[in-house]
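> Here you go, one structure.
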Amino acid sequence: MIKEMFEDKKIIGVVGLGYVGLPLSTVFSKKYEVIGFDVDKSKIENYSKGIDVTNELEEDTLKNSNIKFSSNPQDLSKANFIIITVPTPIHKDESPDLSYVISATETVASNMKEGTIIVYESTVFPGATEEVCIPIIEEITGFKCGKEFSVGYSPERINPGKNSKDVSDIVKIVSGYDEETTNIISEIYDSVLNNGIYRAPSIKVAEAAKITENIQRDVNIALMNELSIIFDKMDLDTNEIIDAAGTKWNFMKFRPGLVGGHCIGIDPYYLIYKSKKLNYSPRLLQTSRNVNEDIINQIIKNILLTFIDNEVNIKKSNILVLGITFKENCNDIRNSKIVEVIDELKDIGANVTIYDPLADAEEVKTFYDLELSDDIEGEYDSIIIGVSHDEFKDLTIDDINRLSKNKPIVFDLKSLLKELSKEDIVYWSL
């Protein structure tokens with residue numbers, strides 16, 4: 001029935017134009033008319049001028065795209081295939097925050113026409129699309145899912161950063177409310193992708209697949225973080241051990257580190273929440289989250305001990321932190337764990353200078369009440385490498401010496417400079 005109402009001319013609406021929605025819009029715009037909607041009017045103004053505030057697209061991509069950018073929800077009534085790509089954070093109690101998804105659903109439902117297909121890309125717990133979103137649409141529109149409209153789920157797999165794959169090169173999982181909807185969604189996505197699609201047997205399977213991808217990374221990084229604590233007590237270099245173990249063909253080279261951002265450090269809580277609703281407490285998932293959150297305390301502990309061993313008073317020290325984004329070669333600062341390290345150091349009494357060539361100073365001030373420095377010149381008691389931006393990979397021992405007040409003390413949280421000679425510097429890495 002949906003296929004009969006689905007118009008021959010397909011107009012794509014994308015709701016939420018961040019790190020996921022914007023690249024997705026440009027890919028679809030190569031074949032379809034696209035309406036890009038976001039409630040942030042300043043973002044829409046920039047996109048309309050060809051300015052990419054996410055810093056994810058190649059130069060002139062926006063200017064050459066066939067996208068009508070809008071902050072007017074009524075424009076969504078022109079679309080018959082609407083994709084929702086909004087954030088799914090967590091509350092302070094670590095429970096899922098579906099407010100963005102619910103708000104976007106209400107906006108779409110209030111402006112959609114009969115025969116529309118709505119596809120969700122936001123990461124949610126299995127069942128959210130059918131249990132939370134469909135009832136909202138049906139109540140607002142008076143339509144019945146599977147008759148006057150339909151829904152699907154196709155989890156985003158975008159990895160923010162300049163060195164990541166293009167959207168069109170990622171295999172896309174697709175699913176629909178019924179077989180007819182799945183066929184339509186598959187056809188539309190497949191028409192703009194280079195590596196095709198994978199048809200999940202149900203929306204819940206697709207939702208579960210996405211959350212599983214990120215949980216797997218969280219658990220594996222937690223293992224490496226715990227091993228790094230053990231090996232550090234043995235005075236062993238974890239990365240040297242990983243390199244040695246990595247010579248076995250089936251060893252997975254996960255590295256220890258801070259787990260931030262809006263996916264890996266957030267998504268496990270969605271399944272933990274759903275699991276507890278089913279009266280099962282997932283021990284491994286929760287333990288992994290605890291280990292990865294506690295690694296911040298381990299870093300601070302090692303910084304304090306190193307300062308004491310080198311007779312440096314941390315309360316009067318000047319510390320340079322390189323990088324504040326949640327990952328390398330990306331300007332996204334959401335849920336950046338290096339911020340928590342910085343806050344701890346400032347609370348202790350250290351003077352912290354933060355340098356990041358990719359982060360936006362105004363955003364950093366707004367989100368974290370922290371100041372970014374324009375350059376790294378100065379004399380510091382210690383240097384902390386928090387993010388492995390390409391720019392930091394060129395640091396030499398001469399650079400380290402020039403920036404250090406006395407004998408250099410380097411805390412390399414990304415093992416970025418592990419190849420440097422450590423003879424003349426105090427060096428610690430995860």
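By order in the structure tokens, chains are A, B, ...; within a chain, residues start at 1; ligands start at 1, following the order shown.
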With a distance cut-off of 9 Å and only C-alpha atoms, select the neighbouring residues of A:Ser317, excluding the residue or stretch itself and same-chain residues fewer than 2 positions from it, and output the selection as a list in words.

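In the requested format, the answer is Val312, Asn313, Ile314, Lys315, Ile319, Gly349, Ala350, Asn351, Val352, Tyr380, Asp381 and Ser382 of chain A.
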
> Which residues of stretch 309-389 of chain A come within 10 Å of stretch 40-57 of chain A, and for each one, what is the closest pair of atoms and their distance in Å to one decimal, counting only C-alpha atoms, sorted by chain and residue number, as a tab-separated table?


residue	atom	partner	partner_atom	distance
A:Asn329	CA	A:Asn55	CA	9.8
A:Cys330	CA	A:Asn55	CA	7.7
A:Asn331	CA	A:Asn55	CA	7.1
A:Asp332	CA	A:Thr54	CA	7.7
A:Leu358	CA	A:Asn55	CA	8.9
A:Asp360	CA	A:Val53	CA	9.6

> For stretch 56-164 of chain A versus stretch 253-263 of chain A, which residues have an atom no more than 12 Å away, and what is each residue's nearest atom pair and distance in Å rounded to one decimal, using only C-alpha atoms, chain-then-number order, as a tab-separated table?


residue	atom	partner	partner_atom	distance
A:Val86	CA	A:His262	CA	11.2
A:Pro87	CA	A:His262	CA	7.9
A:Thr88	CA	A:His262	CA	8.0
A:Pro89	CA	A:His262	CA	6.9
A:Ile90	CA	A:His262	CA	9.5
A:Ser122	CA	A:Cys263	CA	10.2
A:Thr123	CA	A:Cys263	CA	8.1
A:Val124	CA	A:Cys263	CA	10.6
A:Pro155	CA	A:Cys263	CA	11.9
A:Glu156	CA	A:Cys263	CA	10.6
A:Arg157	CA	A:Cys263	CA	10.2
A:Ile158	CA	A:Cys263	CA	10.5
A:Asn159	CA	A:Cys263	CA	9.6
A:Pro160	CA	A:Gly261	CA	9.8
A:Gly161	CA	A:Gly261	CA	12.0

> Counting only C-alpha atoms, which residues of stretch 169-278 of chain A sit at most 10 Å from some atom of stretch 7-29 of chain A, and what is each one's closest atom pair with its distance in Å to one decimal, listed by chain and rising residue number, as a Markdown table?


| residue | atom | partner | partner_atom | distance |
| --- | --- | --- | --- | --- |
| A:Ile188 | CA | A:Lys10 | CA | 8.8 |
| A:Tyr189 | CA | A:Phe28 | CA | 8.3 |
| A:Ser191 | CA | A:Phe28 | CA | 8.8 |
| A:Val192 | CA | A:Phe28 | CA | 6.3 |
| A:Leu193 | CA | A:Val27 | CA | 8.3 |

> Considering only C-alpha atoms, can you say which of A:Ser103, A:Thr61, A:Ser288, A:Thr129 comes closest to A:Gln216?

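Answer, going by the shortest atom-to-atom distance: A:Ser288.
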
> For the atom pair atom CA of A:Ile203 and atom CA of A:Gly152, what is the interatomic distance in Å to one decimal place?

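About the pair atom CA of A:Ile203 and atom CA of A:Gly152: they are 6.6 Å apart.
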
> Find, counting only C-alpha atoms, the residue in A:Tyr153, A:Tyr120, A:Tyr100, A:Phe326 that gets nearest to A:Gly265.

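Of the candidates, the smallest distance to A:Gly265 is held by A:Phe326.
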
> Please, which residues of stretch 53-137 of chain A, numbered as in this document, come out helix (DSSP H, G or I) from DSSP, as a VMD selection string?

chain A and resid 73 to 78 99 to 109 128 to 137

> If you keep N, CA and C atoms, can you produce a file of those selected residues as a PDB file, in the first residue's frame?


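Here's the written file out_24.pdb:
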ATOM      1  N   PRO A  73      10.135  24.024   9.607  1.00  0.00           N
ATOM      2  CA  PRO A  73       9.658  22.632   9.561  1.00  0.00           C
ATOM      3  C   PRO A  73       8.596  22.378   8.501  1.00  0.00           C
ATOM      4  N   GLN A  74       7.892  23.420   8.062  1.00  0.00           N
ATOM      5  CA  GLN A  74       6.856  23.237   7.043  1.00  0.00           C
ATOM      6  C   GLN A  74       7.448  22.781   5.701  1.00  0.00           C
ATOM      7  N   ASP A  75       8.734  23.076   5.494  1.00  0.00           N
ATOM      8  CA  ASP A  75       9.383  22.645   4.255  1.00  0.00           C
ATOM      9  C   ASP A  75       9.480  21.125   4.162  1.00  0.00           C
ATOM     10  N   LEU A  76       9.418  20.456   5.305  1.00  0.00           N
ATOM     11  CA  LEU A  76       9.501  18.994   5.304  1.00  0.00           C
ATOM     12  C   LEU A  76       8.270  18.349   4.673  1.00  0.00           C
ATOM     13  N   SER A  77       7.189  19.108   4.557  1.00  0.00           N
ATOM     14  CA  SER A  77       5.960  18.568   3.955  1.00  0.00           C
ATOM     15  C   SER A  77       6.155  18.260   2.469  1.00  0.00           C
ATOM     16  N   LYS A  78       7.207  18.810   1.867  1.00  0.00           N
ATOM     17  CA  LYS A  78       7.486  18.554   0.446  1.00  0.00           C
ATOM     18  C   LYS A  78       8.193  17.215   0.246  1.00  0.00           C
ATOM     19  N   SER A  99      15.223  12.755  23.968  1.00  0.00           N
ATOM     20  CA  SER A  99      14.494  14.003  23.748  1.00  0.00           C
ATOM     21  C   SER A  99      14.673  14.542  22.333  1.00  0.00           C
ATOM     22  N   TYR A 100      15.882  14.399  21.772  1.00  0.00           N
ATOM     23  CA  TYR A 100      16.112  14.901  20.403  1.00  0.00           C
ATOM     24  C   TYR A 100      15.346  14.067  19.384  1.00  0.00           C
ATOM     25  N   VAL A 101      15.353  12.758  19.583  1.00  0.00           N
ATOM     26  CA  VAL A 101      14.624  11.863  18.683  1.00  0.00           C
ATOM     27  C   VAL A 101      13.123  12.127  18.773  1.00  0.00           C
ATOM     28  N   ILE A 102      12.625  12.287  19.976  1.00  0.00           N
ATOM     29  CA  ILE A 102      11.197  12.546  20.174  1.00  0.00           C
ATOM     30  C   ILE A 102      10.802  13.886  19.565  1.00  0.00           C
ATOM     31  N   SER A 103      11.611  14.918  19.809  1.00  0.00           N
ATOM     32  CA  SER A 103      11.322  16.240  19.256  1.00  0.00           C
ATOM     33  C   SER A 103      11.325  16.224  17.729  1.00  0.00           C
ATOM     34  N   ALA A 104      12.335  15.547  17.153  1.00  0.00           N
ATOM     35  CA  ALA A 104      12.419  15.456  15.690  1.00  0.00           C
ATOM     36  C   ALA A 104      11.232  14.687  15.129  1.00  0.00           C
ATOM     37  N   THR A 105      10.827  13.628  15.809  1.00  0.00           N
ATOM     38  CA  THR A 105       9.669  12.837  15.383  1.00  0.00           C
ATOM     39  C   THR A 105       8.400  13.678  15.408  1.00  0.00           C
ATOM     40  N   GLU A 106       8.212  14.460  16.467  1.00  0.00           N
ATOM     41  CA  GLU A 106       7.041  15.328  16.567  1.00  0.00           C
ATOM     42  C   GLU A 106       7.036  16.380  15.468  1.00  0.00           C
ATOM     43  N   THR A 107       8.218  16.927  15.152  1.00  0.00           N
ATOM     44  CA  THR A 107       8.317  17.926  14.078  1.00  0.00           C
ATOM     45  C   THR A 107       7.945  17.321  12.734  1.00  0.00           C
ATOM     46  N   VAL A 108       8.489  16.149  12.453  1.00  0.00           N
ATOM     47  CA  VAL A 108       8.204  15.483  11.183  1.00  0.00           C
ATOM     48  C   VAL A 108       6.723  15.115  11.094  1.00  0.00           C
ATOM     49  N   ALA A 109       6.193  14.529  12.164  1.00  0.00           N
ATOM     50  CA  ALA A 109       4.788  14.092  12.162  1.00  0.00           C
ATOM     51  C   ALA A 109       3.832  15.261  11.963  1.00  0.00           C
ATOM     52  N   ALA A 128      13.324   0.894  20.184  1.00  0.00           N
ATOM     53  CA  ALA A 128      12.973   2.313  20.345  1.00  0.00           C
ATOM     54  C   ALA A 128      12.149   2.846  19.175  1.00  0.00           C
ATOM     55  N   THR A 129      12.526   2.494  17.957  1.00  0.00           N
ATOM     56  CA  THR A 129      11.816   3.010  16.790  1.00  0.00           C
ATOM     57  C   THR A 129      10.335   2.625  16.825  1.00  0.00           C
ATOM     58  N   GLU A 130      10.067   1.361  17.126  1.00  0.00           N
ATOM     59  CA  GLU A 130       8.692   0.873  17.099  1.00  0.00           C
ATOM     60  C   GLU A 130       7.921   1.176  18.383  1.00  0.00           C
ATOM     61  N   GLU A 131       8.639   1.200  19.519  1.00  0.00           N
ATOM     62  CA  GLU A 131       7.964   1.394  20.801  1.00  0.00           C
ATOM     63  C   GLU A 131       7.783   2.863  21.171  1.00  0.00           C
ATOM     64  N   VAL A 132       8.711   3.718  20.702  1.00  0.00           N
ATOM     65  CA  VAL A 132       8.679   5.137  21.071  1.00  0.00           C
ATOM     66  C   VAL A 132       8.214   6.021  19.915  1.00  0.00           C
ATOM     67  N   CYS A 133       8.805   5.820  18.742  1.00  0.00           N
ATOM     68  CA  CYS A 133       8.591   6.758  17.641  1.00  0.00           C
ATOM     69  C   CYS A 133       7.272   6.547  16.884  1.00  0.00           C
ATOM     70  N   ILE A 134       6.970   5.320  16.531  1.00  0.00           N
ATOM     71  CA  ILE A 134       5.746   5.055  15.760  1.00  0.00           C
ATOM     72  C   ILE A 134       4.498   5.546  16.494  1.00  0.00           C
ATOM     73  N   PRO A 135       4.341   5.278  17.799  1.00  0.00           N
ATOM     74  CA  PRO A 135       3.144   5.782  18.490  1.00  0.00           C
ATOM     75  C   PRO A 135       3.006   7.300  18.449  1.00  0.00           C
ATOM     76  N   ILE A 136       4.141   8.017  18.488  1.00  0.00           N
ATOM     77  CA  ILE A 136       4.100   9.482  18.417  1.00  0.00           C
ATOM     78  C   ILE A 136       3.550   9.932  17.070  1.00  0.00           C
ATOM     79  N   ILE A 137       4.054   9.306  16.008  1.00  0.00           N
ATOM     80  CA  ILE A 137       3.612   9.676  14.655  1.00  0.00           C
ATOM     81  C   ILE A 137       2.126   9.369  14.472  1.00  0.00           C
TER      82      ILE A 137
END

> Can you list, as a PDB file with N, CA and C atoms, in the first residue's frame, all residues belonging to stretch 22-193 of chain A that DSSP tags as strand (DSSP E)?


ATOM      1  N   GLU A  33      16.524  15.561  -5.121  1.00  0.00           N
ATOM      2  CA  GLU A  33      16.303  16.852  -4.488  1.00  0.00           C
ATOM      3  C   GLU A  33      16.272  16.614  -2.982  1.00  0.00           C
ATOM      4  N   VAL A  34      17.035  17.416  -2.240  1.00  0.00           N
ATOM      5  CA  VAL A  34      17.168  17.194  -0.803  1.00  0.00           C
ATOM      6  C   VAL A  34      16.779  18.453  -0.030  1.00  0.00           C
ATOM      7  N   ILE A  35      15.990  18.246   1.017  1.00  0.00           N
ATOM      8  CA  ILE A  35      15.670  19.324   1.958  1.00  0.00           C
ATOM      9  C   ILE A  35      16.422  19.028   3.248  1.00  0.00           C
ATOM     10  N   GLY A  36      17.386  19.868   3.579  1.00  0.00           N
ATOM     11  CA  GLY A  36      18.172  19.696   4.794  1.00  0.00           C
ATOM     12  C   GLY A  36      17.618  20.578   5.893  1.00  0.00           C
ATOM     13  N   PHE A  37      17.103  19.958   6.961  1.00  0.00           N
ATOM     14  CA  PHE A  37      16.451  20.722   8.027  1.00  0.00           C
ATOM     15  C   PHE A  37      17.230  20.628   9.327  1.00  0.00           C
ATOM     16  N   ILE A  67      20.943  20.968  -2.388  1.00  0.00           N
ATOM     17  CA  ILE A  67      20.267  20.885  -1.091  1.00  0.00           C
ATOM     18  C   ILE A  67      19.585  22.210  -0.778  1.00  0.00           C
ATOM     19  N   LYS A  68      18.330  22.131  -0.386  1.00  0.00           N
ATOM     20  CA  LYS A  68      17.633  23.314   0.109  1.00  0.00           C
ATOM     21  C   LYS A  68      17.727  23.274   1.631  1.00  0.00           C
ATOM     22  N   PHE A  69      18.536  24.168   2.199  1.00  0.00           N
ATOM     23  CA  PHE A  69      18.704  24.212   3.645  1.00  0.00           C
ATOM     24  C   PHE A  69      17.597  25.046   4.272  1.00  0.00           C
ATOM     25  N   SER A  70      17.047  24.543   5.376  1.00  0.00           N
ATOM     26  CA  SER A  70      15.910  25.232   5.974  1.00  0.00           C
ATOM     27  C   SER A  70      15.822  24.971   7.478  1.00  0.00           C
ATOM     28  N   PHE A  81      10.412  11.081   1.737  1.00  0.00           N
ATOM     29  CA  PHE A  81      11.362  10.131   2.324  1.00  0.00           C
ATOM     30  C   PHE A  81      12.221  10.943   3.289  1.00  0.00           C
ATOM     31  N   ILE A  82      11.957  10.813   4.580  1.00  0.00           N
ATOM     32  CA  ILE A  82      12.600  11.674   5.582  1.00  0.00           C
ATOM     33  C   ILE A  82      13.511  10.849   6.483  1.00  0.00           C
ATOM     34  N   ILE A  83      14.746  11.311   6.609  1.00  0.00           N
ATOM     35  CA  ILE A  83      15.752  10.630   7.423  1.00  0.00           C
ATOM     36  C   ILE A  83      16.032  11.478   8.661  1.00  0.00           C
ATOM     37  N   ILE A  84      15.952  10.869   9.824  1.00  0.00           N
ATOM     38  CA  ILE A  84      16.200  11.580  11.081  1.00  0.00           C
ATOM     39  C   ILE A  84      17.569  11.185  11.628  1.00  0.00           C
ATOM     40  N   ILE A 117       7.734   7.947   4.097  1.00  0.00           N
ATOM     41  CA  ILE A 117       8.545   6.945   4.799  1.00  0.00           C
ATOM     42  C   ILE A 117       9.579   7.689   5.642  1.00  0.00           C
ATOM     43  N   ILE A 118       9.661   7.332   6.915  1.00  0.00           N
ATOM     44  CA  ILE A 118      10.601   7.970   7.836  1.00  0.00           C
ATOM     45  C   ILE A 118      11.648   6.938   8.241  1.00  0.00           C
ATOM     46  N   VAL A 119      12.906   7.293   8.054  1.00  0.00           N
ATOM     47  CA  VAL A 119      14.008   6.390   8.405  1.00  0.00           C
ATOM     48  C   VAL A 119      14.827   7.022   9.531  1.00  0.00           C
ATOM     49  N   TYR A 120      15.055   6.267  10.586  1.00  0.00           N
ATOM     50  CA  TYR A 120      15.862   6.741  11.712  1.00  0.00           C
ATOM     51  C   TYR A 120      17.297   6.237  11.568  1.00  0.00           C
ATOM     52  N   SER A 150       5.097   4.810   6.708  1.00  0.00           N
ATOM     53  CA  SER A 150       5.889   3.689   7.198  1.00  0.00           C
ATOM     54  C   SER A 150       7.222   4.205   7.745  1.00  0.00           C
ATOM     55  N   VAL A 151       7.915   3.329   8.451  1.00  0.00           N
ATOM     56  CA  VAL A 151       9.197   3.719   9.043  1.00  0.00           C
ATOM     57  C   VAL A 151      10.250   2.661   8.754  1.00  0.00           C
ATOM     58  N   GLY A 152      11.490   3.067   8.937  1.00  0.00           N
ATOM     59  CA  GLY A 152      12.616   2.150   8.796  1.00  0.00           C
ATOM     60  C   GLY A 152      13.747   2.586   9.689  1.00  0.00           C
ATOM     61  N   TYR A 153      14.793   1.789   9.698  1.00  0.00           N
ATOM     62  CA  TYR A 153      15.974   2.118  10.492  1.00  0.00           C
ATOM     63  C   TYR A 153      17.215   1.743   9.698  1.00  0.00           C
ATOM     64  N   LYS A 172      25.747  -0.042   4.118  1.00  0.00           N
ATOM     65  CA  LYS A 172      24.643   0.476   4.919  1.00  0.00           C
ATOM     66  C   LYS A 172      23.686  -0.635   5.318  1.00  0.00           C
ATOM     67  N   ILE A 173      23.438  -0.753   6.610  1.00  0.00           N
ATOM     68  CA  ILE A 173      22.387  -1.666   7.084  1.00  0.00           C
ATOM     69  C   ILE A 173      21.044  -0.971   6.886  1.00  0.00           C
ATOM     70  N   VAL A 174      20.084  -1.675   6.315  1.00  0.00           N
ATOM     71  CA  VAL A 174      18.750  -1.095   6.114  1.00  0.00           C
ATOM     72  C   VAL A 174      17.685  -2.065   6.612  1.00  0.00           C
ATOM     73  N   SER A 175      16.601  -1.501   7.110  1.00  0.00           N
ATOM     74  CA  SER A 175      15.483  -2.317   7.578  1.00  0.00           C
ATOM     75  C   SER A 175      14.214  -1.491   7.497  1.00  0.00           C
ATOM     76  N   GLY A 176      13.088  -2.174   7.416  1.00  0.00           N
ATOM     77  CA  GLY A 176      11.812  -1.471   7.319  1.00  0.00           C
ATOM     78  C   GLY A 176      10.742  -2.113   8.172  1.00  0.00           C
TER      79      GLY A 176
END

> Could you check which of A:Ser154, A:Asn302, A:Ser388, A:Thr141 is closest to A:Ile324, using only C-alpha atoms?

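Of A:Ser154, A:Asn302, A:Ser388, A:Thr141, the one nearest A:Ile324, counting only C-alpha atoms, is A:Ser388.
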